[in-house]
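Chemist: Contents of entry_8.cif (mmCIF, C-alpha atoms and all ligand atoms) are given next:
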data_structure
#
loop_
_atom_site.group_PDB
_atom_site.id
_atom_site.type_symbol
_atom_site.label_atom_id
_atom_site.label_comp_id
_atom_site.auth_asym_id
_atom_site.auth_seq_id
_atom_site.Cartn_x
_atom_site.Cartn_y
_atom_site.Cartn_z
ATOM 1 C CA ALA A 7 77.101 -179.042 -42.546
ATOM 2 C CA LYS A 8 77.444 -179.877 -46.222
ATOM 3 C CA GLN A 9 77.089 -183.541 -45.457
ATOM 4 C CA GLU A 10 74.028 -182.854 -43.366
ATOM 5 C CA GLY A 11 72.487 -180.794 -46.157
ATOM 6 C CA ARG A 12 72.920 -183.639 -48.607
ATOM 7 C CA ASN A 13 71.330 -186.062 -46.206
ATOM 8 C CA ARG A 14 68.436 -183.758 -45.714
ATOM 9 C CA VAL A 15 67.873 -183.588 -49.458
ATOM 10 C CA ARG A 16 67.929 -187.353 -49.643
ATOM 11 C CA PHE A 17 65.592 -187.578 -46.687
ATOM 12 C CA PHE A 18 63.075 -185.226 -48.281
ATOM 13 C CA SER A 19 63.142 -186.885 -51.687
ATOM 14 C CA ALA A 20 62.492 -190.241 -50.046
ATOM 15 C CA GLU A 21 59.552 -188.694 -48.309
ATOM 16 C CA ILE A 22 58.253 -187.182 -51.530
ATOM 17 C CA GLU A 23 58.623 -190.543 -53.214
ATOM 18 C CA ASP A 24 56.499 -192.142 -50.490
ATOM 19 C CA VAL A 25 53.837 -189.491 -50.902
ATOM 20 C CA LEU A 26 53.810 -189.983 -54.677
ATOM 21 C CA LYS A 27 53.585 -193.739 -54.286
ATOM 22 C CA ALA A 28 50.691 -193.452 -51.843
ATOM 23 C CA HIS A 29 48.997 -191.059 -54.234
ATOM 24 C CA LEU A 30 49.402 -193.469 -57.145
ATOM 25 C CA THR A 31 48.072 -196.364 -55.109
ATOM 26 C CA MET A 32 45.082 -194.289 -54.078
ATOM 27 C CA THR A 33 44.410 -193.260 -57.683
ATOM 28 C CA ARG A 34 44.458 -196.881 -58.821
ATOM 29 C CA GLN A 35 42.198 -197.887 -55.952
ATOM 30 C CA ILE A 36 39.641 -195.171 -56.674
ATOM 31 C CA ARG A 37 39.593 -196.063 -60.367
ATOM 32 C CA ALA A 38 39.161 -199.755 -59.583
ATOM 33 C CA GLY A 39 36.565 -198.912 -56.933
ATOM 34 C CA LEU A 40 34.508 -197.038 -59.509
ATOM 35 C CA GLU A 41 34.694 -199.954 -61.930
ATOM 36 C CA ASP A 42 33.754 -202.440 -59.232
ATOM 37 C CA HIS A 43 30.854 -200.349 -57.893
ATOM 38 C CA GLU A 44 32.401 -199.959 -54.460
ATOM 39 C CA PHE A 45 31.000 -196.454 -53.965
ATOM 40 C CA GLU A 46 27.577 -195.878 -52.487
ATOM 41 C CA VAL A 47 25.532 -192.855 -51.573
ATOM 42 C CA HIS A 48 24.188 -192.312 -48.073
ATOM 43 C CA TYR A 49 21.774 -189.593 -47.051
ATOM 44 C CA GLN A 50 21.421 -187.412 -43.995
ATOM 45 C CA PRO A 51 17.966 -185.907 -43.321
ATOM 46 C CA LYS A 52 17.467 -182.141 -43.044
ATOM 47 C CA LEU A 53 14.544 -181.288 -40.805
ATOM 48 C CA ASP A 54 12.236 -178.381 -40.360
ATOM 49 C CA VAL A 55 12.531 -178.515 -36.597
ATOM 50 C CA ARG A 56 9.478 -176.330 -35.997
ATOM 51 C CA LYS A 57 7.202 -178.463 -38.182
ATOM 52 C CA LYS A 58 9.063 -181.639 -37.187
ATOM 53 C CA ILE A 59 9.273 -182.982 -40.745
ATOM 54 C CA VAL A 60 12.076 -183.987 -43.075
ATOM 55 C CA VAL A 61 12.340 -181.387 -45.834
ATOM 56 C CA GLY A 62 15.446 -182.649 -47.548
ATOM 57 C CA VAL A 63 18.460 -184.914 -47.543
ATOM 58 C CA GLU A 64 22.150 -184.411 -48.220
ATOM 59 C CA ALA A 65 23.845 -187.041 -50.350
ATOM 60 C CA LEU A 66 27.191 -188.135 -48.859
ATOM 61 C CA VAL A 67 29.394 -190.562 -50.728
ATOM 62 C CA ARG A 68 30.815 -193.659 -49.028
ATOM 63 C CA TRP A 69 33.395 -196.181 -50.193
ATOM 64 C CA ARG A 70 32.840 -199.765 -49.174
ATOM 65 C CA ASN A 71 36.232 -201.463 -49.439
ATOM 66 C CA GLN A 72 36.855 -205.160 -50.042
ATOM 67 C CA ASP A 73 36.557 -205.901 -46.313
ATOM 68 C CA GLY A 74 33.076 -204.385 -46.309
ATOM 69 C CA GLN A 75 34.204 -201.408 -44.263
ATOM 70 C CA LEU A 76 33.048 -197.881 -45.044
ATOM 71 C CA VAL A 77 35.790 -195.404 -45.870
ATOM 72 C CA SER A 78 35.239 -191.724 -45.056
ATOM 73 C CA PRO A 79 35.109 -189.235 -47.930
ATOM 74 C CA ALA A 80 37.579 -187.050 -46.018
ATOM 75 C CA TYR A 81 40.122 -189.709 -46.975
ATOM 76 C CA PHE A 82 39.443 -190.081 -50.706
ATOM 77 C CA ILE A 83 37.751 -186.864 -51.919
ATOM 78 C CA PRO A 84 41.002 -184.828 -51.870
ATOM 79 C CA ALA A 85 42.788 -187.531 -53.909
ATOM 80 C CA ALA A 86 39.833 -187.785 -56.283
ATOM 81 C CA GLU A 87 39.975 -184.015 -56.776
ATOM 82 C CA GLN A 88 43.702 -184.000 -57.461
ATOM 83 C CA THR A 89 43.506 -186.770 -60.037
ATOM 84 C CA GLY A 90 40.350 -185.635 -61.791
ATOM 85 C CA LEU A 91 38.588 -188.840 -60.734
ATOM 86 C CA ILE A 92 36.134 -186.589 -58.865
ATOM 87 C CA ILE A 93 34.472 -186.084 -62.252
ATOM 88 C CA PRO A 94 33.278 -189.686 -62.802
ATOM 89 C CA LEU A 95 32.784 -190.110 -59.037
ATOM 90 C CA GLY A 96 30.760 -186.910 -58.768
ATOM 91 C CA LYS A 97 28.681 -187.908 -61.770
ATOM 92 C CA PHE A 98 27.890 -191.229 -60.125
ATOM 93 C CA VAL A 99 26.799 -189.487 -56.896
ATOM 94 C CA LEU A 100 24.630 -186.968 -58.738
ATOM 95 C CA LYS A 101 22.926 -189.654 -60.803
ATOM 96 C CA GLN A 102 22.315 -191.940 -57.814
ATOM 97 C CA ALA A 103 20.974 -189.048 -55.718
ATOM 98 C CA CYS A 104 18.566 -188.071 -58.504
ATOM 99 C CA LEU A 105 17.409 -191.681 -58.907
ATOM 100 C CA ASP A 106 16.765 -192.022 -55.165
ATOM 101 C CA GLY A 107 15.233 -188.547 -55.014
ATOM 102 C CA LYS A 108 12.855 -189.344 -57.847
ATOM 103 C CA LYS A 109 11.758 -192.449 -55.958
ATOM 104 C CA TRP A 110 11.027 -190.450 -52.775
ATOM 105 C CA HIS A 111 9.095 -187.913 -54.843
ATOM 106 C CA GLN A 112 7.041 -190.722 -56.355
ATOM 107 C CA MET A 113 6.338 -191.971 -52.829
ATOM 108 C CA GLY A 114 4.816 -188.564 -52.158
ATOM 109 C CA TYR A 115 7.602 -186.805 -50.253
ATOM 110 C CA SER A 116 8.673 -183.439 -51.629
ATOM 111 C CA LEU A 117 12.283 -183.555 -50.479
ATOM 112 C CA ARG A 118 15.123 -181.364 -51.633
ATOM 113 C CA ILE A 119 18.082 -183.477 -52.666
ATOM 114 C CA ALA A 120 21.377 -181.772 -51.856
ATOM 115 C CA VAL A 121 24.512 -182.968 -53.631
ATOM 116 C CA ASN A 122 28.076 -181.867 -52.850
ATOM 117 C CA VAL A 123 29.955 -180.719 -55.924
ATOM 118 C CA SER A 124 33.685 -180.013 -55.798
ATOM 119 C CA VAL A 125 34.962 -176.850 -57.372
ATOM 120 C CA VAL A 126 37.079 -178.829 -59.885
ATOM 121 C CA GLN A 127 34.001 -180.826 -60.833
ATOM 122 C CA MET A 128 31.809 -177.775 -61.259
ATOM 123 C CA MET A 129 34.381 -175.822 -63.243
ATOM 124 C CA GLU A 130 34.997 -178.725 -65.638
ATOM 125 C CA GLY A 131 33.562 -177.999 -69.062
ATOM 126 C CA ALA A 132 30.931 -180.724 -69.105
ATOM 127 C CA PHE A 133 29.315 -180.180 -65.713
ATOM 128 C CA ILE A 134 26.188 -178.405 -66.925
ATOM 129 C CA ALA A 135 25.707 -180.888 -69.781
ATOM 130 C CA THR A 136 26.042 -183.733 -67.263
ATOM 131 C CA LEU A 137 23.497 -182.123 -64.946
ATOM 132 C CA ARG A 138 21.026 -181.697 -67.842
ATOM 133 C CA GLU A 139 21.592 -185.261 -69.001
ATOM 134 C CA ILE A 140 20.948 -186.663 -65.500
ATOM 135 C CA VAL A 141 17.790 -184.579 -65.078
ATOM 136 C CA ASP A 142 16.544 -185.920 -68.431
ATOM 137 C CA GLU A 143 17.449 -189.517 -67.677
ATOM 138 C CA THR A 144 16.028 -189.652 -64.165
ATOM 139 C CA GLN A 145 13.053 -187.389 -64.861
ATOM 140 C CA ILE A 146 13.560 -185.713 -61.486
ATOM 141 C CA ASP A 147 11.966 -182.301 -61.013
ATOM 142 C CA PRO A 148 15.136 -180.143 -61.101
ATOM 143 C CA ARG A 149 13.682 -177.642 -58.601
ATOM 144 C CA PHE A 150 14.395 -180.234 -55.924
ATOM 145 C CA ILE A 151 18.097 -180.517 -56.752
ATOM 146 C CA GLU A 152 20.363 -178.420 -54.559
ATOM 147 C CA ILE A 153 24.035 -178.139 -55.496
ATOM 148 C CA GLU A 154 26.252 -177.611 -52.432
ATOM 149 C CA ILE A 155 29.500 -175.802 -53.167
ATOM 150 C CA THR A 156 32.038 -174.179 -50.872
ATOM 151 C CA GLU A 157 33.167 -170.583 -50.838
ATOM 152 C CA SER A 158 36.478 -171.680 -52.380
ATOM 153 C CA ILE A 159 34.678 -171.373 -55.721
ATOM 154 C CA LEU A 160 35.397 -167.646 -55.358
ATOM 155 C CA ALA A 161 39.128 -168.073 -54.955
ATOM 156 C CA GLY A 162 39.423 -168.862 -58.656
ATOM 157 C CA ASP A 163 37.790 -167.442 -61.764
ATOM 158 C CA ALA A 164 34.754 -165.627 -60.323
ATOM 159 C CA THR A 165 33.336 -164.707 -63.735
ATOM 160 C CA LYS A 166 33.361 -168.331 -64.842
ATOM 161 C CA ALA A 167 31.894 -169.407 -61.513
ATOM 162 C CA GLN A 168 29.050 -166.934 -61.921
ATOM 163 C CA THR A 169 28.301 -168.203 -65.438
ATOM 164 C CA ILE A 170 28.144 -171.796 -64.214
ATOM 165 C CA LEU A 171 25.952 -170.928 -61.233
ATOM 166 C CA GLU A 172 23.600 -169.104 -63.575
ATOM 167 C CA ALA A 173 23.498 -172.159 -65.831
ATOM 168 C CA ILE A 174 22.600 -174.329 -62.817
ATOM 169 C CA ARG A 175 19.676 -171.996 -62.237
ATOM 170 C CA GLU A 176 18.668 -172.223 -65.877
ATOM 171 C CA VAL A 177 18.460 -175.992 -65.518
ATOM 172 C CA GLY A 178 16.095 -175.278 -62.619
ATOM 173 C CA ALA A 179 18.273 -176.449 -59.726
ATOM 174 C CA THR A 180 19.326 -174.374 -56.713
ATOM 175 C CA VAL A 181 22.695 -173.545 -55.148
ATOM 176 C CA ALA A 182 23.773 -173.710 -51.498
ATOM 177 C CA ILE A 183 26.998 -172.310 -50.052
ATOM 178 C CA ASP A 184 28.411 -175.050 -47.829
ATOM 179 C CA ASP A 185 30.538 -174.457 -44.714
ATOM 180 C CA PHE A 186 29.460 -170.835 -44.881
ATOM 181 C CA GLY A 187 31.655 -168.454 -42.936
ATOM 182 C CA THR A 188 34.825 -170.529 -42.978
ATOM 183 C CA GLY A 189 36.251 -169.600 -46.345
ATOM 184 C CA TYR A 190 36.775 -166.742 -48.691
ATOM 185 C CA SER A 191 34.177 -164.418 -47.274
ATOM 186 C CA SER A 192 33.217 -161.637 -49.583
ATOM 187 C CA LEU A 193 29.768 -160.324 -48.953
ATOM 188 C CA THR A 194 29.347 -158.677 -52.331
ATOM 189 C CA TYR A 195 29.232 -162.030 -54.136
ATOM 190 C CA LEU A 196 26.202 -163.035 -52.116
ATOM 191 C CA LYS A 197 24.322 -160.202 -53.716
ATOM 192 C CA SER A 198 25.479 -160.790 -57.275
ATOM 193 C CA PHE A 199 25.823 -164.580 -57.339
ATOM 194 C CA PRO A 200 22.761 -166.738 -57.909
ATOM 195 C CA VAL A 201 22.780 -168.405 -54.491
ATOM 196 C CA ASP A 202 19.675 -169.751 -52.737
ATOM 197 C CA VAL A 203 20.870 -171.222 -49.447
ATOM 198 C CA LEU A 204 23.541 -170.633 -46.804
ATOM 199 C CA LYS A 205 24.679 -173.597 -44.730
ATOM 200 C CA ILE A 206 26.039 -172.422 -41.397
ATOM 201 C CA ASP A 207 29.236 -174.359 -40.827
ATOM 202 C CA GLN A 208 29.218 -176.927 -38.052
ATOM 203 C CA SER A 209 32.179 -175.315 -36.287
ATOM 204 C CA PHE A 210 30.024 -172.260 -35.450
ATOM 205 C CA VAL A 211 27.122 -174.431 -34.334
ATOM 206 C CA ARG A 212 29.450 -176.448 -32.118
ATOM 207 C CA ASP A 213 31.137 -173.455 -30.503
ATOM 208 C CA MET A 214 28.225 -171.062 -30.307
ATOM 209 C CA MET A 215 27.148 -172.347 -26.879
ATOM 210 C CA VAL A 216 30.557 -171.687 -25.347
ATOM 211 C CA ASP A 217 32.013 -168.808 -27.339
ATOM 212 C CA ARG A 218 30.268 -165.436 -27.561
ATOM 213 C CA SER A 219 31.983 -164.565 -30.829
ATOM 214 C CA ASP A 220 30.749 -167.771 -32.490
ATOM 215 C CA ALA A 221 27.249 -167.008 -31.250
ATOM 216 C CA GLY A 222 27.652 -163.551 -32.765
ATOM 217 C CA ILE A 223 28.734 -165.002 -36.113
ATOM 218 C CA VAL A 224 25.703 -167.284 -36.210
ATOM 219 C CA GLU A 225 23.417 -164.336 -35.421
ATOM 220 C CA ALA A 226 25.048 -162.281 -38.159
ATOM 221 C CA ILE A 227 24.653 -165.086 -40.707
ATOM 222 C CA VAL A 228 20.973 -165.462 -39.810
ATOM 223 C CA GLN A 229 20.411 -161.714 -40.240
ATOM 224 C CA MET A 230 22.296 -161.663 -43.517
ATOM 225 C CA ALA A 231 20.282 -164.566 -44.889
ATOM 226 C CA LYS A 232 17.087 -162.790 -43.921
ATOM 227 C CA SER A 233 17.989 -159.498 -45.542
ATOM 228 C CA LEU A 234 19.153 -161.207 -48.737
ATOM 229 C CA SER A 235 16.117 -163.583 -48.735
ATOM 230 C CA LEU A 236 18.304 -166.684 -48.648
ATOM 231 C CA ARG A 237 17.240 -169.937 -47.068
ATOM 232 C CA LEU A 238 19.316 -171.150 -44.109
ATOM 233 C CA VAL A 239 20.432 -174.569 -42.984
ATOM 234 C CA ALA A 240 22.411 -175.227 -39.805
ATOM 235 C CA GLU A 241 24.597 -178.325 -39.938
ATOM 236 C CA GLY A 242 26.292 -180.390 -37.269
ATOM 237 C CA VAL A 243 23.491 -179.921 -34.729
ATOM 238 C CA GLU A 244 24.248 -182.391 -31.951
ATOM 239 C CA THR A 245 22.436 -181.126 -28.848
ATOM 240 C CA ARG A 246 18.973 -179.957 -27.890
ATOM 241 C CA ASP A 247 20.519 -176.710 -26.584
ATOM 242 C CA GLN A 248 22.014 -175.953 -29.983
ATOM 243 C CA ALA A 249 18.703 -176.687 -31.709
ATOM 244 C CA ASP A 250 16.764 -174.447 -29.292
ATOM 245 C CA THR A 251 19.264 -171.610 -29.698
ATOM 246 C CA LEU A 252 19.073 -171.858 -33.496
ATOM 247 C CA LEU A 253 15.261 -171.888 -33.380
ATOM 248 C CA GLY A 254 15.378 -168.806 -31.162
ATOM 249 C CA LEU A 255 17.541 -167.048 -33.746
ATOM 250 C CA GLY A 256 15.113 -167.917 -36.528
ATOM 251 C CA CYS A 257 16.900 -170.825 -38.173
ATOM 252 C CA ASP A 258 14.394 -173.667 -38.571
ATOM 253 C CA ILE A 259 16.115 -176.067 -40.961
ATOM 254 C CA MET A 260 18.716 -178.250 -39.302
ATOM 255 C CA GLN A 261 20.867 -181.248 -39.973
ATOM 256 C CA GLY A 262 22.915 -183.195 -37.442
ATOM 257 C CA TYR A 263 23.390 -186.229 -35.270
ATOM 258 C CA LEU A 264 20.707 -184.956 -32.848
ATOM 259 C CA PHE A 265 18.125 -185.849 -35.490
ATOM 260 C CA ALA A 266 19.764 -188.461 -37.702
ATOM 261 C CA ARG A 267 23.094 -189.703 -38.991
ATOM 262 C CA PRO A 268 23.760 -190.297 -42.675
ATOM 263 C CA MET A 269 22.188 -193.632 -43.711
ATOM 264 C CA PRO A 270 21.583 -195.803 -46.786
ATOM 265 C CA ALA A 271 18.609 -194.926 -48.994
ATOM 266 C CA SER A 272 16.498 -197.839 -47.724
ATOM 267 C CA GLN A 273 16.743 -196.530 -44.158
ATOM 268 C CA ILE A 274 15.636 -193.093 -45.344
ATOM 269 C CA ASP A 275 12.425 -194.775 -46.577
ATOM 270 C CA GLU A 276 11.754 -195.965 -43.022
ATOM 271 C CA PHE A 277 12.769 -192.660 -41.479
ATOM 272 C CA LEU A 278 10.299 -190.851 -43.736
ATOM 273 C CA THR A 279 7.466 -193.240 -42.892
ATOM 274 C CA LYS A 280 8.071 -192.742 -39.178
ATOM 275 C CA ASN A 281 8.597 -188.982 -39.373
ATOM 276 C CA ASN A 282 6.551 -187.466 -42.162
ATOM 277 C CA ASP A 283 3.452 -189.653 -42.436
HETATM 278 P P1 LIG B 301 30.169 -181.622 -45.643
HETATM 279 O O1 LIG B 301 29.585 -181.406 -46.986
HETATM 280 O O2 LIG B 301 30.385 -180.435 -44.789
HETATM 281 O O3 LIG B 301 29.229 -182.689 -44.951
HETATM 282 C C1 LIG B 301 28.911 -182.715 -43.579
HETATM 283 C C2 LIG B 301 29.740 -183.731 -42.842
HETATM 284 O O4 LIG B 301 29.439 -183.648 -41.449
HETATM 285 C C3 LIG B 301 29.442 -185.177 -43.223
HETATM 286 O O5 LIG B 301 30.664 -185.889 -43.078
HETATM 287 C C4 LIG B 301 28.438 -185.590 -42.159
HETATM 288 O O6 LIG B 301 28.381 -186.981 -41.961
HETATM 289 C C5 LIG B 301 28.993 -184.894 -40.955
HETATM 290 N N1 LIG B 301 27.974 -184.619 -39.934
HETATM 291 C C6 LIG B 301 26.635 -184.532 -40.077
HETATM 292 N N2 LIG B 301 26.032 -184.233 -38.914
HETATM 293 C C7 LIG B 301 27.016 -184.139 -37.996
HETATM 294 C C8 LIG B 301 27.023 -183.834 -36.582
HETATM 295 O O7 LIG B 301 25.999 -183.614 -35.938
HETATM 296 N N3 LIG B 301 28.245 -183.805 -35.971
HETATM 297 C C9 LIG B 301 29.399 -184.039 -36.659
HETATM 298 N N4 LIG B 301 30.529 -183.992 -35.980
HETATM 299 N N5 LIG B 301 29.433 -184.320 -37.977
HETATM 300 C C10 LIG B 301 28.252 -184.360 -38.633
HETATM 301 P P2 LIG B 301 31.151 -186.934 -44.188
HETATM 302 O O8 LIG B 301 29.980 -187.699 -44.714
HETATM 303 O O9 LIG B 301 32.294 -187.685 -43.610
HETATM 304 O O10 LIG B 301 31.673 -186.005 -45.363
HETATM 305 C C11 LIG B 301 32.804 -185.202 -45.191
HETATM 306 C C12 LIG B 301 32.975 -184.253 -46.346
HETATM 307 O O11 LIG B 301 33.295 -184.957 -47.541
HETATM 308 C C13 LIG B 301 31.739 -183.450 -46.670
HETATM 309 O O12 LIG B 301 31.599 -182.368 -45.772
HETATM 310 C C14 LIG B 301 32.038 -183.027 -48.087
HETATM 311 O O13 LIG B 301 32.881 -181.906 -48.097
HETATM 312 C C15 LIG B 301 32.786 -184.236 -48.614
HETATM 313 N N6 LIG B 301 31.875 -185.065 -49.415
HETATM 314 C C16 LIG B 301 31.023 -186.031 -49.009
HETATM 315 N N7 LIG B 301 30.360 -186.561 -50.058
HETATM 316 C C17 LIG B 301 30.790 -185.902 -51.159
HETATM 317 C C18 LIG B 301 30.482 -185.989 -52.568
HETATM 318 O O14 LIG B 301 29.638 -186.772 -53.036
HETATM 319 N N8 LIG B 301 31.175 -185.131 -53.394
HETATM 320 C C19 LIG B 301 32.082 -184.236 -52.920
HETATM 321 N N9 LIG B 301 32.689 -183.436 -53.791
HETATM 322 N N10 LIG B 301 32.373 -184.123 -51.616
HETATM 323 C C20 LIG B 301 31.742 -184.946 -50.740
HETATM 324 CA CA CA B 302 27.816 -180.456 -47.751
HETATM 325 CA CA CA B 303 29.241 -178.525 -44.632
HETATM 326 CA CA CA B 304 32.818 -179.523 -44.376
#
What's the structure tokens form of this structure?
Modeler:
Amino acid sequence: AKQEGRNRVRFFSAEIEDVLKAHLTMTRQIRAGLEDHEFEVHYQPKLDVRKKIVVGVEALVRWRNQDGQLVSPAYFIPAAEQTGLIIPLGKFVLKQACLDGKKWHQMGYSLRIAVNVSVVQMMEGAFIATLREIVDETQIDPRFIEIEITESILAGDATKAQTILEAIREVGATVAIDDFGTGYSSLTYLKSFPVDVLKIDQSFVRDMMVDRSDAGIVEAIVQMAKSLSLRLVAEGVETRDQADTLLGLGCDIMQGYLFARPMPASQIDEFLTKNND
């Protein structure tokens, strides 16, 4: 048994070493990718399904590797968060989204530009200064910037989180709670935190047609948003049935493959011409 125990220790440390090596490689690759401009920002339209117009877009980062293939953020965002590289990466995304947003505004479309911000990125000391700087540089109307954060912001220092959210509001931008209903769900924060939008998580949208309790959760979120005067966005809408159900519940703003996939900025130009003109 002793022998076995020793082997197990060796086995685990080899595994840990592999994980650390992979982590280091990833860190180097992200850093090099930033230097070599391998990251790009794609956008997924958000539609007012009743009015049939695009009312906003969500910026989603993509990594084009040396082979020209797009790498999913699910693969590199966690590593970027752990290494702190999410800060320069997030700054790049925010700046690019504001540049593209400003262009769409100048073309005459009043779109909200939603940008995902990681908790580590938001809680870092310079976030508000960076946001201000980007608003100044790009001359975007800050009322059209929507910062998407997850409920995990509440797992940490809630007082600090509140201060930062209030500062985002002072800059003029708005705040959306992403993946709403999946995380740390305290209802009192919704009342006291400066939040403007709830995004119903795609898991509820997906399951609401088959599972009564998911349908009930969606109904409850819609009611809650109404009574707290929050805007609502449903994400991950893939079928007409889902869209009709959401409309019936009073949720008009939707995002999902049924309407459009994330796409490069130039394709958004075309999508807007076809849809909103
Ligand atoms: P998220 O913020 O919840 O973004 C929604 C994800 O769902 C996106 O995946 C989007 O492409 C996908 N999606 C949209 N419509 C549908 C649909 O109808 N069906 C299904 N099955 N999926 C749909 P994506 O682009 O792979 O991003 C994954 C996650 O990576 C995001 O989830 C977000 O948490 C993170 N992420 C993406 N870009 C950024 C960024 O710039 N900064 C940070 N911090 N995180 C980001
Ligand atoms: Ca999001
Ligand atoms: Ca989401
Ligand atoms: Ca998500």
Chemist: Point out the residue among A:Arg175, A:Arg34, A:Lys205, A:Lys108 with the least atom-to-atom distance to Ala231 in chain A, counting only C-alpha atoms.
Modeler: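 When distances to Ala231 in chain A are compared using only C-alpha atoms, the smallest one comes from A:Lys205.
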Chemist: Can you tell me which residues surround Thr89 in chain A at a distance of at most 7 Å, considering all atoms listed in the file, apart from same-chain residues fewer than 3 positions away, and format the answer as a ChimeraX atom specification?
Modeler: /A:33,85-86
Chemist: What does the structure give for the distance between CA of Ala266 in chain A and CA of Gln50 in chain A, in Å to one decimal?
Modeler: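 Pair CA of Ala266 in chain A / CA of Gln50 in chain A returns 6.6 Å.
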Chemist: Can you work out which one of A:Ile159, A:Val239, A:Ile170, A:Val60 has the shortest atom-to-atom distance to ligand CA 303 (chain B), counting all atoms listed in the file?
Modeler: A:Val239
Chemist: Given the PyMOL selection byres (((chain A and resi 105) around 12) and not hetatm) and the file above, list the residues it selects as a PyMOL selection string.
Modeler: chain A and resi 47+65+98-104+106-112+119+140-148+151+271
Chemist: Can you pull out every residue with an atom within 9 Å of ligand LIG 301 (chain B)? Use only C-alpha atoms and all ligand atoms and format it as an mmCIF file with C-alpha atoms, in the coordinates of the input.
Modeler:
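File written: pocket-v8.cif
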data_model
loop_
_atom_site.group_PDB
_atom_site.id
_atom_site.type_symbol
_atom_site.label_atom_id
_atom_site.label_comp_id
_atom_site.auth_asym_id
_atom_site.auth_seq_id
_atom_site.Cartn_x
_atom_site.Cartn_y
_atom_site.Cartn_z
ATOM 1 C CA VAL A 47 25.532 -192.855 -51.573
ATOM 2 C CA HIS A 48 24.188 -192.312 -48.073
ATOM 3 C CA TYR A 49 21.774 -189.593 -47.051
ATOM 4 C CA GLN A 50 21.421 -187.412 -43.995
ATOM 5 C CA GLU A 64 22.150 -184.411 -48.220
ATOM 6 C CA ALA A 65 23.845 -187.041 -50.350
ATOM 7 C CA LEU A 66 27.191 -188.135 -48.859
ATOM 8 C CA VAL A 67 29.394 -190.562 -50.728
ATOM 9 C CA ARG A 68 30.815 -193.659 -49.028
ATOM 10 C CA VAL A 77 35.790 -195.404 -45.870
ATOM 11 C CA SER A 78 35.239 -191.724 -45.056
ATOM 12 C CA PRO A 79 35.109 -189.235 -47.930
ATOM 13 C CA ALA A 80 37.579 -187.050 -46.018
ATOM 14 C CA TYR A 81 40.122 -189.709 -46.975
ATOM 15 C CA PHE A 82 39.443 -190.081 -50.706
ATOM 16 C CA ILE A 83 37.751 -186.864 -51.919
ATOM 17 C CA PRO A 84 41.002 -184.828 -51.870
ATOM 18 C CA ALA A 86 39.833 -187.785 -56.283
ATOM 19 C CA GLU A 87 39.975 -184.015 -56.776
ATOM 20 C CA ILE A 92 36.134 -186.589 -58.865
ATOM 21 C CA LEU A 95 32.784 -190.110 -59.037
ATOM 22 C CA GLY A 96 30.760 -186.910 -58.768
ATOM 23 C CA LYS A 97 28.681 -187.908 -61.770
ATOM 24 C CA PHE A 98 27.890 -191.229 -60.125
ATOM 25 C CA VAL A 99 26.799 -189.487 -56.896
ATOM 26 C CA LEU A 100 24.630 -186.968 -58.738
ATOM 27 C CA VAL A 121 24.512 -182.968 -53.631
ATOM 28 C CA ASN A 122 28.076 -181.867 -52.850
ATOM 29 C CA VAL A 123 29.955 -180.719 -55.924
ATOM 30 C CA SER A 124 33.685 -180.013 -55.798
ATOM 31 C CA VAL A 125 34.962 -176.850 -57.372
ATOM 32 C CA VAL A 126 37.079 -178.829 -59.885
ATOM 33 C CA GLN A 127 34.001 -180.826 -60.833
ATOM 34 C CA GLU A 154 26.252 -177.611 -52.432
ATOM 35 C CA ILE A 155 29.500 -175.802 -53.167
ATOM 36 C CA THR A 156 32.038 -174.179 -50.872
ATOM 37 C CA ASP A 184 28.411 -175.050 -47.829
ATOM 38 C CA ASP A 185 30.538 -174.457 -44.714
ATOM 39 C CA LYS A 205 24.679 -173.597 -44.730
ATOM 40 C CA ASP A 207 29.236 -174.359 -40.827
ATOM 41 C CA GLN A 208 29.218 -176.927 -38.052
ATOM 42 C CA SER A 209 32.179 -175.315 -36.287
ATOM 43 C CA ARG A 212 29.450 -176.448 -32.118
ATOM 44 C CA GLU A 241 24.597 -178.325 -39.938
ATOM 45 C CA GLY A 242 26.292 -180.390 -37.269
ATOM 46 C CA VAL A 243 23.491 -179.921 -34.729
ATOM 47 C CA GLU A 244 24.248 -182.391 -31.951
ATOM 48 C CA THR A 245 22.436 -181.126 -28.848
ATOM 49 C CA GLN A 261 20.867 -181.248 -39.973
ATOM 50 C CA GLY A 262 22.915 -183.195 -37.442
ATOM 51 C CA TYR A 263 23.390 -186.229 -35.270
ATOM 52 C CA LEU A 264 20.707 -184.956 -32.848
ATOM 53 C CA PHE A 265 18.125 -185.849 -35.490
ATOM 54 C CA ALA A 266 19.764 -188.461 -37.702
ATOM 55 C CA ARG A 267 23.094 -189.703 -38.991
ATOM 56 C CA PRO A 268 23.760 -190.297 -42.675
#
Chemist: A:Phe186, A:Pro94, A:Asn281, A:Met269: which is nearest Ala132 in chain A, counting only C-alpha atoms?
Modeler: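 Residue with the minimum atom-to-atom distance to Ala132 in chain A: A:Pro94.
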Chemist: Set the distance at 8 Å and use all atoms listed in the file: which residues neighbour range 177-181 of chain A once local chain neighbours fewer than 3 positions away are removed? I'd like the list as a list of chain:residue names.
Modeler: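 Residues meeting the cut-off are A:Leu137, A:Arg138, A:Pro148, A:Arg149, A:Phe150, A:Ile151, A:Glu152, A:Ile153, A:Glu154, A:Ile155, A:Leu171, A:Ala173, A:Ile174, A:Pro200, A:Val201, A:Asp202, A:Val203.
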Chemist: Got a sec to check which residues sit within 12 Å of (34.0, -200.6, -48.4), counting all atoms listed in the file, and write them as a list in words?
Modeler: Gln35, Ile36, Gly39, Leu40, Asp42, His43, Glu44, Phe45, Glu46, Val47, Val67, Arg68, Trp69, Arg70, Asn71, Gln72, Asp73, Gly74, Gln75, Leu76, Val77, Ser78 and Pro79 of chain A
